[in-house]
Each structure stands twice: as C-alpha cells, then as structure tokens.
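Comments concern the structure below.
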Amino acid sequence: MEKRAQKYQRARRSEALREEIASLVEGELEDPRIGLVTVNQVQLAPDGKVARVFIAVTGSEEEATRSLEGLNASRGFIRHALTTNLGLRHAPDLVFVLDQSEQHGNRVEELLKRIEKRKRQS
C-alpha cells in the first residue's frame with residue numbers, strides 16, 4: 001500500500017513533468033513531424049522510472065502517428081531537458097501514448113443520445 005505522502009509527491013512530480021513536456025513540445029522541438037500536440041496527462045510509475053505521457057493530436061490518424069514518431073525520436077532530448085530544467089538526478093523513461101479518452105467520450109455521448117431518441121419515439 002502506497003503511503004499518502006508518496007502518492008502526493010508522485011502526483012506533484014507528474015504535474016511538473018506534464019507542464020515541462022508541454023512547454024518543450026510547444027516551443028523547443030522543431031521536428032516537422034510533430035503537429036498540434038497537447039499533453040493531457042502524465043502517469044508516473046510508483047518507482048518513478050517510467051512516465052506514460054498521454055497526448056492528443058489535432059488532425060487525422062496519419063498526423064497522429066507522424067507526431068508520435070517525432071516525439072519518440074526526440075525522447076532523448078526531452079529527457080535531457082527535463083533533468084536540466086527540473087533539476088532531476090534521473091529523468092524517467094518516457095512512453096508516449098495517444099489519448100483516446102476524448103474519442104471514447106464522444107462515442108458514449110452519441111450512444112446515449114440514440115437511446116434517448118428511442119425512448120422519446122416509444
């Protein structure tokens with residue numbers, strides 16, 4: 001069982017990582033493959049060695065895969081910048097994941113609207 005202080009510290013570190021990665025993606029990365037990327041969330045593993053970075057990409061699926069490739073290619077630069085900017089001794093390994101939660105939420109809303117329509121028609 002994780003102690004409350006450790007959980008709080010991990011949440012603070014995750015938020016700091018999210019803010020710093022977002023600013024790096026917006027400003028310093030000049031890879032042409034990276035499109036309009038939003039860093040939604042960072043989940044830090046309990047040991048702090050791996051961070052899953054959930055990103056949302058504005059555009060088509062092809063643009064999303066190209067942006068993901070560009071981010072994975074610049075993973076080393078981002079880790080080095082994190083150690084420098086945040087004063088970390090060891091930056092976590094970054095795993096970039098496309099955040100599908102918005103699309104799933106839209107699908108659920110659409111299904112609920114269909115159910116409501118059927119109820120009204122009955």
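We name chains A, B, ... following the order of the structure tokens; residues begin at 1 in each chain, and ligands are numbered from 1 as shown.
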Residues flagged alpha helix (DSSP H) by DSSP in chain A, as a ChimeraX atom specification: /A:4-23,61-73,75-86,101-121
Neighbour list for Glu63 of chain A as a list in words, cut-off 12 Å, only C-alpha atoms, skip fewer than 3 positions in-chain: Pro32, Arg33, Ile34, Gly35, Leu36, Val37, Ala56, Val57, Thr58, Gly59, Ser60, Arg66, Ser67, Leu68, Glu69, Gly70 and Leu98 of chain A
Written selection (N, CA and C atoms) as a tab-separated table (two decimals), in the first residue's frame:
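selection-v7.tsv, freshly written:
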```
chain	number	residue	atom	x	y	z
A	32	PRO	N	9.58	18.49	-37.87
A	32	PRO	CA	8.42	18.79	-38.72
A	32	PRO	C	7.32	17.74	-38.64
A	33	ARG	N	7.62	16.57	-38.11
A	33	ARG	CA	6.60	15.52	-38.00
A	33	ARG	C	5.61	15.83	-36.89
A	34	ILE	N	6.03	16.61	-35.90
A	34	ILE	CA	5.17	16.89	-34.75
A	34	ILE	C	4.19	18.00	-35.11
A	35	GLY	N	2.90	17.66	-35.07
A	35	GLY	CA	1.86	18.62	-35.40
A	35	GLY	C	1.36	19.33	-34.15
A	36	LEU	N	0.06	19.59	-34.12
A	36	LEU	CA	-0.56	20.23	-32.96
A	36	LEU	C	-0.80	19.18	-31.88
A	37	VAL	N	0.10	19.14	-30.92
A	37	VAL	CA	0.08	18.12	-29.87
A	37	VAL	C	-0.25	18.78	-28.55
A	56	ALA	N	-2.78	14.21	-27.07
A	56	ALA	CA	-3.88	14.32	-28.02
A	56	ALA	C	-3.36	15.12	-29.21
A	57	VAL	N	-3.66	14.63	-30.41
A	57	VAL	CA	-3.18	15.28	-31.63
A	57	VAL	C	-4.38	15.78	-32.41
A	58	THR	N	-4.34	17.04	-32.79
A	58	THR	CA	-5.39	17.61	-33.61
A	58	THR	C	-5.10	17.26	-35.06
A	59	GLY	N	-6.02	16.59	-35.70
A	59	GLY	CA	-5.83	16.21	-37.09
A	59	GLY	C	-6.22	14.77	-37.32
A	60	SER	N	-5.74	14.23	-38.45
A	60	SER	CA	-6.11	12.88	-38.85
A	60	SER	C	-5.26	11.84	-38.12
A	66	ARG	N	2.42	10.27	-37.22
A	66	ARG	CA	3.66	11.00	-37.51
A	66	ARG	C	4.12	11.80	-36.30
A	67	SER	N	3.19	12.40	-35.58
A	67	SER	CA	3.55	13.16	-34.37
A	67	SER	C	4.11	12.23	-33.31
A	68	LEU	N	3.52	11.05	-33.19
A	68	LEU	CA	4.00	10.08	-32.22
A	68	LEU	C	5.42	9.62	-32.57
A	69	GLU	N	5.68	9.42	-33.86
A	69	GLU	CA	7.03	9.05	-34.30
A	69	GLU	C	8.03	10.16	-33.99
A	70	GLY	N	7.63	11.39	-34.25
A	70	GLY	CA	8.50	12.52	-33.98
A	70	GLY	C	8.81	12.67	-32.49
A	98	LEU	N	-1.10	7.77	-27.41
A	98	LEU	CA	-2.20	8.59	-27.91
A	98	LEU	C	-3.38	8.48	-26.95
```
Contact residues around Gln43 of chain A with only C-alpha atoms at 12 Å, ignoring same-chain residues under 5 positions, as a list in words: Lys7, Arg10, Ala11, Arg12, Arg13, Ser14, Glu15, Ala16, Leu17, Arg18, Gly48, Lys49, Val50, Ala51, Arg52, Val53, Phe54, Ile55, Pro92, Asp93, Leu94, Val95, Phe96 and Val97 of chain A
Written selection (N, CA and C atoms) as a compact mmCIF listing (two decimals), in the first residue's frame:
```txt
# COMPACT_ATOMS: atom_id res chain seq x y z
N LYS A 7 2.21 9.24 -2.51
CA LYS A 7 1.23 9.44 -3.57
C LYS A 7 1.13 10.92 -3.95
N ARG A 10 4.28 11.92 -5.88
CA ARG A 10 4.24 11.41 -7.25
C ARG A 10 3.28 12.23 -8.10
N ALA A 11 2.14 12.65 -7.54
CA ALA A 11 1.19 13.48 -8.28
C ALA A 11 1.81 14.83 -8.62
N ARG A 12 2.52 15.43 -7.66
CA ARG A 12 3.18 16.72 -7.91
C ARG A 12 4.25 16.58 -8.99
N ARG A 13 5.03 15.52 -8.92
CA ARG A 13 6.08 15.30 -9.91
C ARG A 13 5.47 15.05 -11.30
N SER A 14 4.37 14.31 -11.35
CA SER A 14 3.70 14.06 -12.63
C SER A 14 3.20 15.35 -13.25
N GLU A 15 2.64 16.22 -12.42
CA GLU A 15 2.14 17.51 -12.93
C GLU A 15 3.28 18.39 -13.42
N ALA A 16 4.40 18.39 -12.69
CA ALA A 16 5.57 19.17 -13.12
C ALA A 16 6.12 18.63 -14.44
N LEU A 17 6.16 17.31 -14.57
CA LEU A 17 6.60 16.71 -15.83
C LEU A 17 5.67 17.08 -16.98
N ARG A 18 4.35 17.04 -16.72
CA ARG A 18 3.38 17.37 -17.77
C ARG A 18 3.57 18.80 -18.25
N GLY A 48 8.94 5.56 -10.14
CA GLY A 48 9.39 6.81 -10.73
C GLY A 48 10.32 6.65 -11.92
N LYS A 49 10.48 5.44 -12.43
CA LYS A 49 11.42 5.22 -13.52
C LYS A 49 10.78 5.31 -14.90
N VAL A 50 9.47 5.19 -14.98
CA VAL A 50 8.77 5.24 -16.25
C VAL A 50 7.61 6.22 -16.14
N ALA A 51 7.46 7.06 -17.16
CA ALA A 51 6.35 8.00 -17.20
C ALA A 51 5.60 7.80 -18.51
N ARG A 52 4.31 7.54 -18.41
CA ARG A 52 3.46 7.42 -19.60
C ARG A 52 2.87 8.81 -19.87
N VAL A 53 3.17 9.33 -21.06
CA VAL A 53 2.73 10.67 -21.44
C VAL A 53 1.57 10.51 -22.41
N PHE A 54 0.37 10.92 -21.99
CA PHE A 54 -0.80 10.83 -22.84
C PHE A 54 -0.94 12.11 -23.64
N ILE A 55 -0.97 11.97 -24.97
CA ILE A 55 -1.04 13.14 -25.85
C ILE A 55 -2.28 13.05 -26.72
N PRO A 92 12.70 10.10 -15.85
CA PRO A 92 12.07 8.80 -16.14
C PRO A 92 12.07 8.51 -17.64
N ASP A 93 12.00 7.22 -17.96
CA ASP A 93 11.82 6.83 -19.36
C ASP A 93 10.44 7.32 -19.79
N LEU A 94 10.36 7.89 -20.97
CA LEU A 94 9.10 8.44 -21.46
C LEU A 94 8.47 7.49 -22.46
N VAL A 95 7.20 7.21 -22.25
CA VAL A 95 6.42 6.38 -23.18
C VAL A 95 5.26 7.25 -23.64
N PHE A 96 5.26 7.61 -24.92
CA PHE A 96 4.20 8.46 -25.46
C PHE A 96 3.05 7.59 -25.93
N VAL A 97 1.84 7.95 -25.50
CA VAL A 97 0.64 7.19 -25.81
C VAL A 97 -0.42 8.15 -26.33
```
Which of segment 3-59 of chain A DSSP labels strand (DSSP E or B), written as a list in words: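 Answer for segment 3-59 of chain A, restricted to strand (DSSP E or B): Leu36, Val37, Thr38, Val39, Asn40, Gln41, Val42, Gln43, Leu44, Val50, Ala51, Arg52, Val53, Phe54, Ile55, Ala56, Val57 and Thr58 of chain A.
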Length of the atom CA of Ala64 of chain A to atom CA of His90 of chain A vector [Å]: 28.7 Å
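Taking only C-alpha atoms, the non-local environment of segment 74-78 of chain A within 8 Å (same-chain residues fewer than 6 positions away omitted) comprises Ile21, Leu24, Leu29 and Leu94 of chain A.
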Restricting it to N, CA and C atoms, dump the selection as a PDB file, in the first residue's frame.
```pdb
ATOM      1  N   ILE A  21       6.993  19.067 -20.199  1.00  0.00           N
ATOM      2  CA  ILE A  21       6.943  18.395 -21.510  1.00  0.00           C
ATOM      3  C   ILE A  21       6.066  19.196 -22.463  1.00  0.00           C
ATOM      4  N   LEU A  24       8.041  22.113 -23.709  1.00  0.00           N
ATOM      5  CA  LEU A  24       9.073  21.670 -24.644  1.00  0.00           C
ATOM      6  C   LEU A  24       8.478  21.353 -26.012  1.00  0.00           C
ATOM      7  N   LEU A  29      10.915  21.901 -29.548  1.00  0.00           N
ATOM      8  CA  LEU A  29      11.024  20.822 -30.531  1.00  0.00           C
ATOM      9  C   LEU A  29      10.710  21.358 -31.915  1.00  0.00           C
ATOM     10  N   LEU A  94      10.362   7.890 -20.973  1.00  0.00           N
ATOM     11  CA  LEU A  94       9.102   8.445 -21.461  1.00  0.00           C
ATOM     12  C   LEU A  94       8.472   7.488 -22.463  1.00  0.00           C
TER      13      LEU A  94
END
```
Selected residue of minimal separation from Leu44 of chain A among A:Gln9, A:Lys117, A:Leu88, A:Leu111, counting only C-alpha atoms: A:Gln9
